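Next up, work-v1.cif (mmCIF, C-alpha atoms and all ligand atoms):
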data_my_file
#
loop_
_atom_site.label_atom_id
_atom_site.label_comp_id
_atom_site.auth_asym_id
_atom_site.auth_seq_id
_atom_site.Cartn_x
_atom_site.Cartn_y
_atom_site.Cartn_z
CA MET Q 542 -8.62 5.00 35.11
CA ALA Q 543 -7.08 3.79 31.85
CA LEU Q 544 -7.29 6.25 29.02
CA PRO Q 545 -8.91 5.24 25.71
CA ARG Q 546 -6.47 4.12 23.04
CA VAL Q 547 -6.12 5.95 19.73
CA ALA Q 548 -4.02 4.97 16.72
CA VAL Q 549 -2.53 7.98 14.92
CA PHE Q 550 -1.40 7.33 11.34
CA SER Q 551 0.80 10.10 9.92
CA LEU Q 552 1.00 10.42 6.12
CA GLY Q 553 2.92 13.71 5.73
CA GLY Q 554 1.50 17.00 4.42
CA THR Q 555 1.78 20.53 5.79
CA ILE Q 556 1.10 19.44 9.36
CA SER Q 557 4.42 17.57 9.30
CA SER Q 558 6.38 19.96 7.07
CA THR Q 559 9.51 21.80 8.19
CA ASP Q 560 12.34 23.66 6.49
CA SER Q 561 14.83 20.99 5.53
CA GLY Q 562 17.20 23.30 3.64
CA GLY Q 563 15.47 22.97 0.28
CA LYS Q 564 13.35 25.52 -1.60
CA GLY Q 565 10.53 25.42 0.94
CA VAL Q 566 9.03 23.26 3.65
CA GLU Q 567 8.66 19.51 3.09
CA PRO Q 568 7.07 16.69 5.09
CA THR Q 569 9.68 15.56 7.65
CA LEU Q 570 8.06 15.15 11.09
CA THR Q 571 7.13 11.63 12.17
CA GLY Q 572 3.82 10.71 13.77
CA GLU Q 573 5.57 10.43 17.13
CA ALA Q 574 7.00 13.94 16.80
CA LEU Q 575 3.55 15.36 15.95
CA VAL Q 576 1.99 13.71 18.99
CA SER Q 577 4.77 14.58 21.47
CA ASP Q 578 4.53 18.23 20.38
CA VAL Q 579 1.06 18.45 21.99
CA PRO Q 580 1.30 17.54 25.72
CA GLU Q 581 -2.50 17.84 26.19
CA ILE Q 582 -2.96 14.72 24.06
CA ALA Q 583 -1.57 12.58 26.90
CA GLU Q 584 -4.50 13.73 29.08
CA ALA Q 585 -7.08 12.61 26.51
CA ALA Q 586 -5.80 9.28 25.17
CA GLU Q 587 -3.08 6.69 25.11
CA VAL Q 588 -1.74 7.19 21.61
CA SER Q 589 0.26 4.88 19.39
CA ALA Q 590 1.78 6.77 16.47
CA ILE Q 591 2.39 5.02 13.17
CA SER Q 592 4.39 6.78 10.43
CA PHE Q 593 2.45 5.29 7.53
CA ARG Q 594 3.71 7.57 4.70
CA GLN Q 595 5.80 10.75 4.58
CA ALA Q 596 4.72 12.72 1.52
CA ALA Q 597 2.69 15.56 0.05
CA SER Q 598 -0.89 14.33 -0.18
CA GLY Q 599 -0.84 14.39 -3.99
CA GLU Q 600 1.51 11.39 -3.82
CA LEU Q 601 -1.11 9.19 -2.14
CA THR Q 602 -2.93 6.54 -4.16
CA VAL Q 603 -6.07 4.47 -3.74
CA ASP Q 604 -3.79 1.47 -3.09
CA ASP Q 605 -2.31 3.37 -0.11
CA LEU Q 606 -5.82 3.99 1.22
CA VAL Q 607 -6.89 0.37 0.81
CA GLU Q 608 -3.87 -0.61 2.92
CA LEU Q 609 -4.56 2.17 5.43
CA ALA Q 610 -8.22 1.17 5.82
CA SER Q 611 -7.21 -2.38 6.63
CA GLU Q 612 -4.63 -1.21 9.21
CA ILE Q 613 -7.22 1.05 10.82
CA GLU Q 614 -9.64 -1.89 11.13
CA ASP Q 615 -6.85 -3.99 12.69
CA ARG Q 616 -6.09 -1.32 15.32
CA ILE Q 617 -9.77 -0.94 16.18
CA ASP Q 618 -10.13 -4.71 16.48
CA GLU Q 619 -7.13 -4.68 18.85
CA GLY Q 620 -8.97 -2.27 21.14
CA ALA Q 621 -8.40 1.26 19.84
CA SER Q 622 -11.37 3.54 20.52
CA GLY Q 623 -10.72 5.38 17.29
CA ALA Q 624 -8.15 6.30 14.64
CA VAL Q 625 -6.70 9.62 13.53
CA VAL Q 626 -5.05 10.15 10.15
CA THR Q 627 -2.79 13.19 9.67
CA GLN Q 628 -2.06 14.14 6.08
CA GLY Q 629 -1.88 16.93 3.53
CA THR Q 630 -5.10 18.87 3.15
CA ASP Q 631 -4.98 18.93 -0.66
CA THR Q 632 -6.61 15.51 -0.97
CA ILE Q 633 -8.34 15.16 2.41
CA GLU Q 634 -11.82 15.25 0.87
CA GLU Q 635 -10.86 12.26 -1.26
CA THR Q 636 -9.02 10.18 1.36
CA ALA Q 637 -11.74 10.73 3.97
CA PHE Q 638 -14.38 9.63 1.45
CA VAL Q 639 -12.46 6.44 0.60
CA LEU Q 640 -11.91 5.61 4.29
CA ASP Q 641 -15.60 6.25 4.92
CA LEU Q 642 -16.49 3.65 2.29
CA LEU Q 643 -13.86 1.07 3.24
CA VAL Q 644 -13.53 1.09 7.04
CA ASP Q 645 -16.36 -1.11 8.26
CA ARG Q 646 -16.31 -0.26 11.96
CA ASP Q 647 -18.39 1.99 14.24
CA ALA Q 648 -15.33 3.59 15.90
CA PRO Q 649 -14.52 7.14 14.79
CA VAL Q 650 -12.03 7.59 11.94
CA VAL Q 651 -10.81 11.18 11.92
CA VAL Q 652 -8.75 12.78 9.15
CA THR Q 653 -6.91 16.00 9.88
CA GLY Q 654 -4.06 18.21 8.68
CA ALA Q 655 -2.95 21.82 8.83
CA MET Q 656 -3.07 24.88 6.63
CA ARG Q 657 -0.15 26.64 8.36
CA ASN Q 658 3.02 24.60 8.65
CA PRO Q 659 4.93 24.37 11.95
CA THR Q 660 7.42 27.11 10.94
CA LEU Q 661 4.64 29.75 10.65
CA ALA Q 662 3.06 31.94 13.33
CA GLY Q 663 -0.34 30.52 14.24
CA ALA Q 664 0.42 27.01 12.98
CA ASP Q 665 -2.88 25.11 13.29
CA GLY Q 666 -1.56 21.53 13.27
CA PRO Q 667 -1.27 21.00 17.05
CA ALA Q 668 -4.80 22.30 17.75
CA ASN Q 669 -6.23 20.21 14.88
CA LEU Q 670 -4.46 17.09 16.13
CA LEU Q 671 -5.67 17.57 19.71
CA ALA Q 672 -9.24 18.20 18.53
CA SER Q 673 -9.06 15.08 16.35
CA ILE Q 674 -7.95 12.92 19.28
CA GLN Q 675 -10.85 14.29 21.31
CA VAL Q 676 -13.23 13.41 18.49
CA ALA Q 677 -11.67 9.94 18.11
CA VAL Q 678 -12.42 9.06 21.77
CA SER Q 679 -15.88 10.63 21.83
CA GLU Q 680 -19.01 8.47 22.08
CA ALA Q 681 -20.85 11.20 20.16
CA THR Q 682 -18.89 10.54 16.98
CA ARG Q 683 -19.33 6.73 16.87
CA GLU Q 684 -21.23 5.35 13.84
CA LEU Q 685 -20.67 8.62 12.00
CA GLY Q 686 -18.23 7.16 9.47
CA ALA Q 687 -15.03 9.00 8.59
CA VAL Q 688 -14.94 12.68 9.50
CA VAL Q 689 -12.60 15.56 8.76
CA VAL Q 690 -11.64 17.73 11.73
CA LEU Q 691 -9.94 21.11 11.23
CA ASN Q 692 -10.50 24.55 12.65
CA ASP Q 693 -12.63 23.12 15.51
CA GLU Q 694 -15.25 21.78 13.08
CA ILE Q 695 -16.36 18.20 12.36
CA HIS Q 696 -17.24 17.47 8.72
CA ALA Q 697 -18.77 14.25 7.37
CA ALA Q 698 -16.57 12.73 4.67
CA ARG Q 699 -19.39 12.58 2.12
CA PHE Q 700 -20.00 16.34 2.21
CA VAL Q 701 -16.60 17.92 2.88
CA ARG Q 702 -14.59 19.98 0.39
CA LYS Q 703 -11.43 22.03 0.42
CA THR Q 704 -12.50 25.51 -0.71
CA HIS Q 705 -9.52 27.81 -0.19
CA THR Q 706 -5.80 27.57 -0.97
CA SER Q 707 -4.50 28.91 2.34
CA ASN Q 708 -7.25 29.92 4.77
CA PRO Q 709 -7.45 27.71 7.91
CA ALA Q 710 -11.26 27.75 7.46
CA THR Q 711 -10.83 26.08 4.06
CA PHE Q 712 -13.05 23.05 4.76
CA ARG Q 713 -16.76 23.40 4.05
CA SER Q 714 -19.55 20.84 3.81
CA TYR Q 715 -22.06 21.09 0.97
CA PRO Q 716 -25.01 21.26 1.17
CA VAL Q 717 -25.37 20.85 4.92
CA GLY Q 718 -22.50 22.48 6.82
CA PRO Q 719 -20.41 20.73 9.48
CA VAL Q 720 -22.05 17.91 11.44
CA GLY Q 721 -20.58 19.24 14.66
CA TRP Q 722 -17.81 21.17 16.39
CA ILE Q 723 -15.38 21.08 19.30
CA SER Q 724 -15.84 23.63 22.05
CA GLU Q 725 -13.76 23.76 25.26
CA ASP Q 726 -12.32 20.32 24.40
CA VAL Q 727 -15.78 18.72 24.00
CA PRO Q 728 -16.91 17.38 20.58
CA ARG Q 729 -20.57 17.99 19.81
CA VAL Q 730 -22.47 16.28 16.97
CA VAL Q 731 -25.64 18.06 15.95
CA VAL Q 732 -26.38 16.47 12.55
CA ARG Q 733 -26.14 12.83 11.38
CA PRO Q 734 -26.02 11.87 7.68
CA VAL Q 735 -28.76 9.47 6.57
CA GLY Q 736 -27.50 5.93 5.80
CA ARG Q 737 -24.00 4.51 5.44
CA HIS Q 738 -22.41 3.45 2.17
CA LYS Q 739 -19.88 0.63 2.34
CA ILE Q 740 -17.76 -1.19 -0.22
CA THR Q 741 -16.10 -4.53 0.53
CA LEU Q 742 -13.04 -5.25 -1.56
CA PRO Q 743 -11.63 -8.69 -2.34
CA GLY Q 744 -8.21 -9.46 -0.82
CA ASP Q 745 -6.43 -9.32 -4.18
CA THR Q 746 -7.91 -5.94 -5.21
CA GLN Q 747 -6.40 -4.43 -8.36
CA ASP Q 748 -6.18 -0.77 -9.36
CA ARG Q 749 -9.00 0.19 -11.78
CA PRO Q 750 -8.11 3.69 -13.04
CA VAL Q 751 -11.03 6.08 -13.59
CA ALA Q 752 -10.64 9.32 -15.55
CA LEU Q 753 -12.35 12.62 -14.74
CA HIS Q 754 -13.23 14.99 -17.57
CA THR Q 755 -14.61 18.46 -16.85
CA PHE Q 756 -16.63 19.92 -19.74
CA THR Q 757 -16.00 23.56 -20.62
CA LEU Q 758 -17.35 26.20 -22.97
CA GLY Q 759 -16.65 25.18 -26.56
CA ASP Q 760 -15.32 21.73 -25.57
CA ASP Q 761 -15.23 19.57 -28.74
CA GLY Q 762 -14.49 16.34 -26.85
CA ARG Q 763 -11.25 15.58 -28.69
CA LEU Q 764 -9.74 14.09 -25.52
CA LEU Q 765 -12.53 11.55 -25.08
CA PRO Q 766 -11.24 8.83 -27.45
CA GLU Q 767 -7.98 8.90 -25.48
CA ILE Q 768 -9.76 7.66 -22.35
CA GLU Q 769 -10.03 4.14 -23.73
CA ARG Q 770 -6.65 4.26 -25.49
CA GLN Q 771 -4.94 5.18 -22.21
CA GLY Q 772 -6.37 2.12 -20.47
CA TYR Q 773 -8.95 3.69 -18.19
CA ALA Q 774 -11.60 1.34 -16.81
CA GLY Q 775 -14.21 4.07 -16.38
CA LEU Q 776 -14.93 7.77 -16.81
CA VAL Q 777 -16.65 10.43 -14.74
CA VAL Q 778 -17.95 13.38 -16.70
CA GLU Q 779 -18.30 16.68 -14.88
CA ALA Q 780 -20.94 18.11 -17.17
CA LEU Q 781 -22.20 21.67 -17.40
CA GLY Q 782 -24.98 22.76 -15.05
CA GLY Q 783 -27.67 20.13 -14.49
CA GLY Q 784 -25.81 17.54 -16.64
CA HIS Q 785 -25.22 18.95 -20.13
CA VAL Q 786 -22.47 18.72 -22.75
CA PRO Q 787 -21.95 20.25 -26.21
CA SER Q 788 -23.85 18.18 -28.82
CA ILE Q 789 -20.65 17.60 -30.82
CA THR Q 790 -19.39 15.31 -28.01
CA VAL Q 791 -22.39 12.99 -27.54
CA ASP Q 792 -21.33 10.32 -30.06
CA ALA Q 793 -17.94 9.95 -28.38
CA LEU Q 794 -19.61 9.68 -24.97
CA GLU Q 795 -22.13 7.11 -26.21
CA ASP Q 796 -19.30 5.11 -27.73
CA LEU Q 797 -17.38 5.14 -24.45
CA ALA Q 798 -20.50 4.28 -22.43
CA ALA Q 799 -20.87 1.11 -24.52
CA LYS Q 800 -17.36 0.04 -23.46
CA MET Q 801 -17.02 1.20 -19.85
CA PRO Q 802 -19.11 2.85 -17.12
CA VAL Q 803 -19.42 6.58 -17.80
CA ILE Q 804 -20.85 8.56 -14.88
CA LEU Q 805 -22.75 11.80 -15.40
CA ALA Q 806 -21.89 14.31 -12.64
CA SER Q 807 -22.08 18.10 -12.61
CA ARG Q 808 -19.23 20.57 -12.48
CA THR Q 809 -21.34 23.01 -10.41
CA GLY Q 810 -20.41 21.52 -7.03
CA GLY Q 811 -23.96 21.50 -5.69
CA GLY Q 812 -27.33 19.82 -6.16
CA GLU Q 813 -28.40 16.58 -7.85
CA VAL Q 814 -27.77 15.99 -11.54
CA LEU Q 815 -31.08 16.40 -13.39
CA ARG Q 816 -32.84 13.41 -14.97
CA SER Q 817 -35.85 14.64 -16.91
CA THR Q 818 -35.93 18.41 -17.45
CA TYR Q 819 -34.11 19.18 -20.74
CA GLY Q 820 -34.49 17.38 -24.05
CA PHE Q 821 -31.83 18.82 -26.40
CA ILE Q 822 -28.97 16.76 -27.79
CA GLY Q 823 -26.35 16.75 -25.05
CA SER Q 824 -28.95 17.27 -22.30
CA GLU Q 825 -29.23 15.03 -19.22
CA THR Q 826 -32.16 13.05 -20.71
CA ASP Q 827 -30.22 12.50 -23.93
CA LEU Q 828 -27.03 11.42 -22.12
CA LEU Q 829 -28.86 9.03 -19.78
CA GLU Q 830 -30.59 7.47 -22.82
CA ARG Q 831 -27.17 7.04 -24.43
CA GLY Q 832 -26.09 4.86 -21.48
CA LEU Q 833 -24.41 7.27 -19.09
CA ILE Q 834 -24.93 6.51 -15.39
CA TYR Q 835 -26.47 9.06 -13.09
CA ALA Q 836 -24.12 10.37 -10.31
CA GLY Q 837 -26.94 11.74 -8.18
CA PRO Q 838 -25.58 14.12 -5.54
CA LEU Q 839 -21.91 13.01 -5.75
CA ASP Q 840 -19.49 15.55 -7.19
CA GLY Q 841 -16.88 14.54 -9.74
CA LEU Q 842 -14.08 13.84 -7.24
CA LYS Q 843 -16.24 11.61 -5.08
CA ALA Q 844 -18.01 9.92 -8.01
CA ARG Q 845 -14.61 9.05 -9.47
CA LEU Q 846 -13.46 7.34 -6.26
CA TYR Q 847 -16.80 5.61 -5.78
CA LEU Q 848 -16.65 4.15 -9.29
CA ALA Q 849 -12.98 3.14 -8.86
CA LEU Q 850 -13.83 1.22 -5.67
CA LEU Q 851 -16.94 -0.38 -7.19
CA LEU Q 852 -14.83 -1.56 -10.12
CA ARG Q 853 -12.21 -2.96 -7.73
CA ALA Q 854 -15.04 -4.80 -5.96
CA GLY Q 855 -16.06 -6.38 -9.29
CA ALA Q 856 -19.46 -4.64 -9.53
CA THR Q 857 -21.45 -5.19 -12.71
CA ARG Q 858 -22.85 -2.30 -14.77
CA GLU Q 859 -26.27 -2.80 -13.15
CA GLU Q 860 -24.79 -2.90 -9.65
CA ILE Q 861 -22.85 0.29 -10.39
CA ARG Q 862 -26.02 2.01 -11.57
CA ASN Q 863 -27.95 0.88 -8.47
CA SER Q 864 -25.11 1.89 -6.16
CA PHE Q 865 -25.06 5.43 -7.50
CA ASP Q 866 -28.86 5.59 -7.24
CA SER Q 867 -28.66 4.47 -3.60
CA TRP Q 868 -27.18 7.85 -2.62
CA LEU Q 869 -30.68 9.20 -3.09
CA ASP Q 870 -32.32 6.46 -0.99
CA VAL Q 871 -33.42 8.90 1.66
CA PRO Q 872 -36.92 9.60 2.94
CA VAL Q 873 -38.65 12.13 0.70
CA SER Q 874 -41.30 14.35 2.29
CA SER Q 875 -44.68 14.07 0.55
N1 LIG Q 901 1.36 20.08 1.48
C1 LIG Q 901 0.05 19.98 0.89
C2 LIG Q 901 -0.43 18.57 0.91
O1 LIG Q 901 0.34 17.68 1.21
C3 LIG Q 901 -0.91 20.94 1.48
C4 LIG Q 901 -1.34 20.64 2.88
O2 LIG Q 901 -0.92 19.73 3.55
O3 LIG Q 901 -2.16 21.41 3.38
O4 LIG Q 901 -1.58 18.33 0.64
#
Render the structure in this file as structure tokens.
Amino acid sequence: MALPRVAVFSLGGTISSTDSGGKGVEPTLTGEALVSDVPEIAEAAEVSAISFRQAASGELTVDDLVELASEIEDRIDEGASGAVVTQGTDTIEETAFVLDLLVDRDAPVVVTGAMRNPTLAGADGPANLLASIQVAVSEATRELGAVVVLNDEIHAARFVRKTHTSNPATFRSYPVGPVGWISEDVPRVVVRPVGRHKITLPGDTQDRPVALHTFTLGDDGRLLPEIERQGYAGLVVEALGGGHVPSITVDALEDLAAKMPVILASRTGGGEVLRSTYGFIGSETDLLERGLIYAGPLDGLKARLYLALLLRAGATREEIRNSFDSWLDVPVSS
């Protein structure tokens, strides 16, 4: 019987890094080399390997991901059962989120990498790649959107975060945990996120840079006027706690919000931004009244990418506001 087809796109990162005589390891291995290093893959799928980029993941851009999303759709339309992306783990939570929003297909899109490079004892790249191929051909993972697979766990793109600099168990999903796992070569999905969020970009999409500013103790906001001067098209604010900033900064934020979308997220990394609890100057109610847009449950990294893609899609201020609100369009128990 013919094996299912999987397209593997390699982008570099630790999973492909070897000692090339420099100061440390660097991405060198091609997609083909990664695949041929794991003979078990040939039993699970017929793989075509595409060396899409060869870099540390901090070199990737949204433009790269727009191109990658379109190539993934092409491969799926040509008959691939799923796609696997291998890349550096540093930005996986961002790339997986973008692919989740842009790839408009039911087939699995799996993003993976490694925490231990191939020169180290216990390198995890081969096991992660094999598990990702198994997820990419699994019926259980269809219609799940983009997922991140490492350490035998399956994480939905919208929830996943890198939480540790070196531990192979670095990926965690807040607030729900992984949506599934791989055991004895079998992927299991036990949780499905509610709803899918999609963004359709025009063919001639242009970069719309969005800044991210994290508020800190004693922050006087002196960087804020630079956001407009530096040509940003939008700003995401990672505010304190439930959505608060020092009062000295509110005029600058209001001024910016009159000129570009300014999204109110929280730096805490968990929970929804508040809407109606506190009333002091610089509180969430004050900032929303001053024109900031509510990020809902999205953290700063994901809110930044969501806004950047909405701006590329030509969304109006009202559409941006409604799109962020739609992340909370889930059944509420009465
Ligand atoms: N080399 C880093 C990166 O490209 C780290 C990694 O791959 O894990 O993101």
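Of the listed residues (Q:Ala780, Q:Val727, Q:Ile556, Q:Ile834), Q:Ile556 comes nearest to ligand LIG 901 (chain Q); the distances count only C-alpha atoms and all ligand atoms.
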Counting only C-alpha atoms and all ligand atoms, which protein, DNA or RNA residues come within 12 Å of ligand LIG 901 (chain Q), given as a compact mmCIF listing (two decimals) with C-alpha atoms, keeping the file's coordinate frame?
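Contents of part-v7.txt, freshly written:
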# COMPACT_ATOMS: atom_id res chain seq x y z
CA SER Q 551 0.80 10.10 9.92
CA LEU Q 552 1.00 10.42 6.12
CA GLY Q 553 2.92 13.71 5.73
CA GLY Q 554 1.50 17.00 4.42
CA THR Q 555 1.78 20.53 5.79
CA ILE Q 556 1.10 19.44 9.36
CA SER Q 557 4.42 17.57 9.30
CA SER Q 558 6.38 19.96 7.07
CA THR Q 559 9.51 21.80 8.19
CA GLY Q 565 10.53 25.42 0.94
CA VAL Q 566 9.03 23.26 3.65
CA GLU Q 567 8.66 19.51 3.09
CA PRO Q 568 7.07 16.69 5.09
CA THR Q 569 9.68 15.56 7.65
CA ARG Q 594 3.71 7.57 4.70
CA GLN Q 595 5.80 10.75 4.58
CA ALA Q 596 4.72 12.72 1.52
CA ALA Q 597 2.69 15.56 0.05
CA SER Q 598 -0.89 14.33 -0.18
CA GLY Q 599 -0.84 14.39 -3.99
CA GLU Q 600 1.51 11.39 -3.82
CA LEU Q 601 -1.11 9.19 -2.14
CA THR Q 627 -2.79 13.19 9.67
CA GLN Q 628 -2.06 14.14 6.08
CA GLY Q 629 -1.88 16.93 3.53
CA THR Q 630 -5.10 18.87 3.15
CA ASP Q 631 -4.98 18.93 -0.66
CA THR Q 632 -6.61 15.51 -0.97
CA ILE Q 633 -8.34 15.16 2.41
CA GLU Q 634 -11.82 15.25 0.87
CA GLU Q 635 -10.86 12.26 -1.26
CA THR Q 636 -9.02 10.18 1.36
CA VAL Q 652 -8.75 12.78 9.15
CA THR Q 653 -6.91 16.00 9.88
CA GLY Q 654 -4.06 18.21 8.68
CA ALA Q 655 -2.95 21.82 8.83
CA MET Q 656 -3.07 24.88 6.63
CA ARG Q 657 -0.15 26.64 8.36
CA ASN Q 658 3.02 24.60 8.65
CA PRO Q 659 4.93 24.37 11.95
CA ALA Q 664 0.42 27.01 12.98
CA ASP Q 665 -2.88 25.11 13.29
CA GLY Q 666 -1.56 21.53 13.27
CA LEU Q 691 -9.94 21.11 11.23
CA LYS Q 703 -11.43 22.03 0.42
CA THR Q 704 -12.50 25.51 -0.71
CA HIS Q 705 -9.52 27.81 -0.19
CA THR Q 706 -5.80 27.57 -0.97
CA SER Q 707 -4.50 28.91 2.34
CA ASN Q 708 -7.25 29.92 4.77
CA PRO Q 709 -7.45 27.71 7.91
CA ALA Q 710 -11.26 27.75 7.46
CA THR Q 711 -10.83 26.08 4.06
CA PHE Q 712 -13.05 23.05 4.76
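Take the candidates Q:Glu859, Q:Glu684, Q:Glu581, Q:Asp840 and check each one against Gly736 (chain Q) using only C-alpha atoms; the shortest distance goes to Q:Glu684.
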Of the listed residues Q:Thr746, Q:Ser824, Q:Asn692, Q:Thr602, that which approaches Leu781 (chain Q) most closely, counting all atoms listed in the file: Q:Ser824
Could you give me, as a PyMOL selection string, the residues within 10 Å of Thr790 (chain Q), counting only C-alpha atoms and dropping anything in the same chain fewer than 5 positions from it? chain Q and resi 756+760-763+765+795+822-823
Can I get the selection written as a PDB file, keeping the file's coordinate frame, with C-alpha atoms?
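Generated file (out.pdb):
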ATOM      1  CA  PHE Q 756     -16.630  19.920 -19.740  1.00  0.00           C
ATOM      2  CA  ASP Q 760     -15.320  21.730 -25.570  1.00  0.00           C
ATOM      3  CA  ASP Q 761     -15.230  19.570 -28.740  1.00  0.00           C
ATOM      4  CA  GLY Q 762     -14.490  16.340 -26.850  1.00  0.00           C
ATOM      5  CA  ARG Q 763     -11.250  15.580 -28.690  1.00  0.00           C
ATOM      6  CA  LEU Q 765     -12.530  11.550 -25.080  1.00  0.00           C
ATOM      7  CA  GLU Q 795     -22.130   7.110 -26.210  1.00  0.00           C
ATOM      8  CA  ILE Q 822     -28.970  16.760 -27.790  1.00  0.00           C
ATOM      9  CA  GLY Q 823     -26.350  16.750 -25.050  1.00  0.00           C
TER      10      GLY Q 823
END
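With CA of Val720 (chain Q) on one side and CA of Gly686 (chain Q) on the other, the separation reads 11.6 Å.
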With only C-alpha atoms as the counted atoms, please give the residues lying no more than 10 Å from Arg737 (chain Q), apart from itself and same-chain residues fewer than 5 positions off, as a ChimeraX atom specification. /Q:641-642,645,684-686,699,868
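CA of Glu825 (chain Q) lies 5.0 Å from CA of Gly784 (chain Q).
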If we count all atoms listed in the file and set the cut-off at 7 Å, which residues sit around Leu833 (chain Q), ignoring sequence neighbours fewer than 2 positions away in its own chain? Please answer as a VMD selection string. chain Q and resid 798 803 to 805 828 to 829 831 835
To one decimal place in Å, what is the distance between CA of Lys800 (chain Q) and CA of Ala752 (chain Q)? 13.9 Å
Polymer residues at most 12 Å from Asp647 (chain Q), only C-alpha atoms, same-chain spacing of 5 or more positions, as a ChimeraX atom specification: /Q:613-614,617-618,621-624,641,677-687,737
Of the residues Q:Thr857, Q:Ser807, Q:Ser577, Q:Ser561, which is the one nearest to Ala836 (chain Q), using only C-alpha atoms? Q:Ser807
